[in-house]
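The file data_20.csv comes next; it holds CSV, C-alpha atoms.
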```
chain,number,residue,atom,x,y,z
D,3,MET,CA,120.3,67.1,87.7
D,4,SER,CA,119.5,63.8,86.2
D,5,GLU,CA,118.9,63.3,82.5
D,6,SER,CA,115.2,62.7,83.0
D,7,ALA,CA,114.8,66.0,84.9
D,8,THR,CA,116.4,68.0,82.1
D,9,SER,CA,114.4,66.4,79.3
D,10,ALA,CA,111.2,67.1,81.2
D,11,THR,CA,111.9,70.8,81.3
D,12,LYS,CA,110.4,73.0,78.7
D,13,LYS,CA,112.8,73.8,75.8
D,14,ARG,CA,113.7,77.5,75.7
D,15,PRO,CA,112.8,79.3,72.5
D,16,GLU,CA,115.6,80.0,70.0
D,17,PHE,CA,115.9,83.5,68.6
D,18,TYR,CA,117.7,84.3,65.4
D,19,ASN,CA,118.2,87.2,63.0
D,20,ILE,CA,116.0,87.5,60.0
D,21,GLU,CA,117.9,87.1,56.8
D,22,GLY,CA,117.2,89.5,53.9
D,23,ALA,CA,115.6,86.8,51.8
D,24,SER,CA,113.0,85.9,54.5
D,25,LEU,CA,111.8,89.5,55.0
D,26,ILE,CA,109.1,89.0,52.4
D,27,THR,CA,107.8,85.7,53.9
D,28,TYR,CA,108.1,86.9,57.5
D,29,ARG,CA,104.7,87.6,59.1
D,30,TRP,CA,105.1,91.2,60.4
D,31,PRO,CA,102.8,92.2,63.3
D,32,ILE,CA,100.5,95.1,62.4
D,33,ALA,CA,102.3,97.3,65.0
D,34,SER,CA,105.6,96.8,63.3
D,35,ILE,CA,104.1,97.6,59.9
D,36,ALA,CA,102.7,100.9,61.3
D,37,SER,CA,106.0,101.7,62.9
D,38,GLY,CA,108.0,100.9,59.8
D,39,MET,CA,105.6,103.0,57.7
D,40,HIS,CA,106.3,105.9,60.2
D,41,ARG,CA,110.0,105.7,59.3
D,42,VAL,CA,109.3,105.4,55.6
D,43,SER,CA,106.9,108.4,55.7
D,44,GLY,CA,109.6,110.5,57.4
D,45,ALA,CA,112.1,109.5,54.8
D,46,ILE,CA,109.6,110.4,52.0
D,47,LEU,CA,109.0,113.8,53.6
D,48,PHE,CA,112.7,114.4,53.9
D,49,PHE,CA,113.6,113.5,50.3
D,50,LEU,CA,110.6,115.4,48.9
D,51,MET,CA,111.3,118.6,50.9
D,52,PRO,CA,112.4,120.5,47.8
D,53,PHE,CA,109.1,119.6,46.1
D,54,ILE,CA,107.1,120.6,49.2
D,55,ILE,CA,108.9,123.9,49.4
D,56,TRP,CA,108.4,124.5,45.7
D,57,MET,CA,104.7,123.8,46.0
D,58,PHE,CA,104.3,126.1,49.0
D,59,ASP,CA,106.4,128.9,47.4
D,60,ASN,CA,104.5,128.9,44.1
D,61,SER,CA,101.1,128.6,45.7
D,62,ILE,CA,101.4,131.8,47.8
D,63,SER,CA,104.0,134.0,46.0
D,64,SER,CA,101.9,135.7,43.3
D,65,GLU,CA,99.1,135.1,40.9
D,66,ILE,CA,101.5,134.3,38.1
D,67,SER,CA,103.4,131.7,40.2
D,68,PHE,CA,100.1,130.2,41.4
D,69,ASN,CA,99.0,129.8,37.7
D,70,LYS,CA,102.3,128.0,37.1
D,71,PHE,CA,101.7,125.8,40.1
D,72,LYS,CA,98.2,124.9,38.8
D,73,ALA,CA,99.6,124.2,35.3
D,74,ALA,CA,102.1,121.8,36.7
D,75,PHE,CA,99.3,119.6,38.0
D,76,ASN,CA,97.0,120.1,35.0
D,77,VAL,CA,99.4,120.1,32.0
D,78,GLY,CA,102.6,118.8,33.6
D,79,MET,CA,106.2,120.0,33.7
D,80,ILE,CA,109.8,118.8,33.2
D,81,GLY,CA,108.4,116.4,30.6
D,82,LEU,CA,106.1,114.6,33.0
D,83,PRO,CA,102.3,114.8,32.7
D,84,GLY,CA,100.3,116.4,35.4
D,85,PHE,CA,98.9,113.0,36.6
D,86,ILE,CA,102.4,112.0,37.8
D,87,TRP,CA,102.8,115.3,39.8
D,88,LYS,CA,99.4,114.6,41.3
D,89,LEU,CA,100.6,111.2,42.4
D,90,VAL,CA,103.7,112.7,43.9
D,91,ALA,CA,101.5,115.2,45.8
D,92,LEU,CA,99.3,112.4,46.9
D,93,GLY,CA,102.4,110.6,48.3
D,94,VAL,CA,103.3,113.8,50.2
D,95,ILE,CA,99.8,113.9,51.5
D,96,TRP,CA,99.9,110.3,52.7
D,97,ALA,CA,103.4,110.7,54.2
D,98,SER,CA,102.4,113.9,56.1
D,99,LEU,CA,99.2,112.3,57.5
D,100,HIS,CA,100.8,109.1,58.4
D,101,HIS,CA,103.9,110.6,60.0
D,102,PHE,CA,101.8,113.0,62.0
D,103,ILE,CA,99.2,110.5,63.2
D,104,ALA,CA,101.7,107.7,63.9
D,105,GLY,CA,104.0,110.3,65.6
D,106,ILE,CA,101.1,111.1,68.0
D,107,ARG,CA,100.7,107.4,68.6
D,108,HIS,CA,104.4,107.0,69.4
D,109,LEU,CA,104.4,110.0,71.7
D,110,TRP,CA,101.4,108.7,73.6
D,111,MET,CA,103.0,105.3,74.0
D,112,ASP,CA,106.3,106.9,75.2
D,113,THR,CA,104.6,109.0,77.8
D,114,HIS,CA,102.1,106.4,79.0
D,115,HIS,CA,104.4,103.3,78.7
D,116,GLU,CA,103.1,101.7,81.9
D,117,GLN,CA,99.6,101.5,80.3
D,118,VAL,CA,100.7,100.1,77.0
D,119,THR,CA,100.0,96.5,76.2
D,120,LYS,CA,100.5,94.4,73.2
D,121,GLU,CA,96.8,94.5,72.4
D,122,PHE,CA,96.8,98.3,72.8
D,123,GLY,CA,99.7,98.6,70.4
D,124,ARG,CA,97.9,96.4,67.8
D,125,GLN,CA,94.6,98.4,68.2
D,126,THR,CA,96.3,101.8,67.8
D,127,ALA,CA,98.3,100.6,64.8
D,128,VAL,CA,95.1,99.5,63.1
D,129,ALA,CA,93.6,102.9,64.0
D,130,VAL,CA,96.5,104.8,62.6
D,131,LEU,CA,96.5,102.8,59.3
D,132,VAL,CA,92.7,103.1,58.9
D,133,LEU,CA,92.6,106.8,59.7
D,134,THR,CA,95.6,107.6,57.5
D,135,LEU,CA,94.4,105.7,54.5
D,136,SER,CA,90.8,107.0,54.9
D,137,LEU,CA,92.0,110.7,55.0
D,138,THR,CA,94.4,110.1,52.1
D,139,ALA,CA,91.6,108.6,50.0
D,140,VAL,CA,89.3,111.6,50.8
D,141,LEU,CA,92.1,114.2,50.0
D,142,GLY,CA,93.2,112.2,47.0
D,143,ALA,CA,89.7,112.2,45.6
D,144,LYS,CA,89.7,116.0,46.0
D,145,LEU,CA,93.1,116.3,44.4
D,146,PHE,CA,92.0,114.3,41.3
D,147,GLY,CA,88.8,116.3,41.0
D,148,LEU,CA,86.3,113.6,42.0
D,149,TYR,CA,84.3,116.1,44.0
```
Spell out the structure here as structure tokens.
Amino acid sequence: MSESATSATKKRPEFYNIEGASLITYRWPIASIASGMHRVSGAILFFLMPFIIWMFDNSISSEISFNKFKAAFNVGMIGLPGFIWKLVALGVIWASLHHFIAGIRHLWMDTHHEQVTKEFGRQTAVAVLVLTLSLTAVLGAKLFGLY
């Protein structure tokens, strides 16, 4: 090939790894945000499993344990006020909702991969985020006694 033929061809894109410092300034696509939050919500559920088991056990074991459960959210326990425990419970609510809804999205895309497009991924990611945050706001309002 002559030099003029190679200079007329389109330059190929260059790909490089993202450095840790540029993670903040990098423009993440909404689908990658929803996917990353799916992983984060799974980790939150895993690490808060002792708290989840404690809540479940104390809420159904007996009337005395249920009163202890309610007191943890009203008065507090382990030196932390009840407001903090409600925030932790709200985090568990968000993580459960997001992990479940995003998991359904991922299963759908895995089983119907020939129908999935970039636009479909973006739309479903937005739907997951809107649905998850809306349901979390409604349940959080109930948890904090707004209705």
Using only C-alpha atoms and a cutoff of 12 Å, can you tell me which residues are near (101.7, 107.8, 69.2) in the file's coordinates, and write them out as a PDB file with C-alpha atoms, keeping the file's coordinate frame?
```pdb
ATOM      1  CA  ALA D  33     102.300  97.300  65.000  1.00  0.00           C
ATOM      2  CA  ALA D  36     102.700 100.900  61.300  1.00  0.00           C
ATOM      3  CA  SER D  37     106.000 101.700  62.900  1.00  0.00           C
ATOM      4  CA  HIS D  40     106.300 105.900  60.200  1.00  0.00           C
ATOM      5  CA  HIS D 100     100.800 109.100  58.400  1.00  0.00           C
ATOM      6  CA  HIS D 101     103.900 110.600  60.000  1.00  0.00           C
ATOM      7  CA  PHE D 102     101.800 113.000  62.000  1.00  0.00           C
ATOM      8  CA  ILE D 103      99.200 110.500  63.200  1.00  0.00           C
ATOM      9  CA  ALA D 104     101.700 107.700  63.900  1.00  0.00           C
ATOM     10  CA  GLY D 105     104.000 110.300  65.600  1.00  0.00           C
ATOM     11  CA  ILE D 106     101.100 111.100  68.000  1.00  0.00           C
ATOM     12  CA  ARG D 107     100.700 107.400  68.600  1.00  0.00           C
ATOM     13  CA  HIS D 108     104.400 107.000  69.400  1.00  0.00           C
ATOM     14  CA  LEU D 109     104.400 110.000  71.700  1.00  0.00           C
ATOM     15  CA  TRP D 110     101.400 108.700  73.600  1.00  0.00           C
ATOM     16  CA  MET D 111     103.000 105.300  74.000  1.00  0.00           C
ATOM     17  CA  ASP D 112     106.300 106.900  75.200  1.00  0.00           C
ATOM     18  CA  THR D 113     104.600 109.000  77.800  1.00  0.00           C
ATOM     19  CA  HIS D 114     102.100 106.400  79.000  1.00  0.00           C
ATOM     20  CA  HIS D 115     104.400 103.300  78.700  1.00  0.00           C
ATOM     21  CA  VAL D 118     100.700 100.100  77.000  1.00  0.00           C
ATOM     22  CA  PHE D 122      96.800  98.300  72.800  1.00  0.00           C
ATOM     23  CA  GLY D 123      99.700  98.600  70.400  1.00  0.00           C
ATOM     24  CA  GLN D 125      94.600  98.400  68.200  1.00  0.00           C
ATOM     25  CA  THR D 126      96.300 101.800  67.800  1.00  0.00           C
ATOM     26  CA  ALA D 127      98.300 100.600  64.800  1.00  0.00           C
ATOM     27  CA  ALA D 129      93.600 102.900  64.000  1.00  0.00           C
ATOM     28  CA  VAL D 130      96.500 104.800  62.600  1.00  0.00           C
TER      29      VAL D 130
END
```
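Interatomic distance, CA of Ser98 (chain D) to CA of Ser64 (chain D): 25.3 Å.
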*Using all atoms listed in the file, which of D:Leu89, D:Glu121, D:Lys70, D:Ile54 sits nearest Gly142 (chain D)?*
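Closest to Gly142 (chain D) of all the choices is D:Leu89.
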*Record the distance separating CA of Val77 (chain D) and CA of Leu135 (chain D), expressed in Å with one decimal.*
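Computed distance, CA of Val77 (chain D) to CA of Leu135 (chain D), equals 27.2 Å.
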*asked:* Using all atoms listed in the file, can you tell me which of D:Ser43, D:Pro31, D:Leu50, D:Leu145 comes closest to Val128 (chain D)?
replied: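 Checking each of D:Ser43, D:Pro31, D:Leu50, D:Leu145 against Val128 (chain D), counting all atoms listed in the file, the winner is D:Pro31.
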*Return the single residue from D:Ile35, D:Ala45, D:Ala74, D:Phe85 that is closest to Leu131 (chain D), with distances computed using all atoms listed in the file.*
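Looking at the shortest contact to Leu131 (chain D), the residue is D:Ile35.
The space between CA of Phe49 (chain D) and CA of Ala97 (chain D) spans 11.3 Å.
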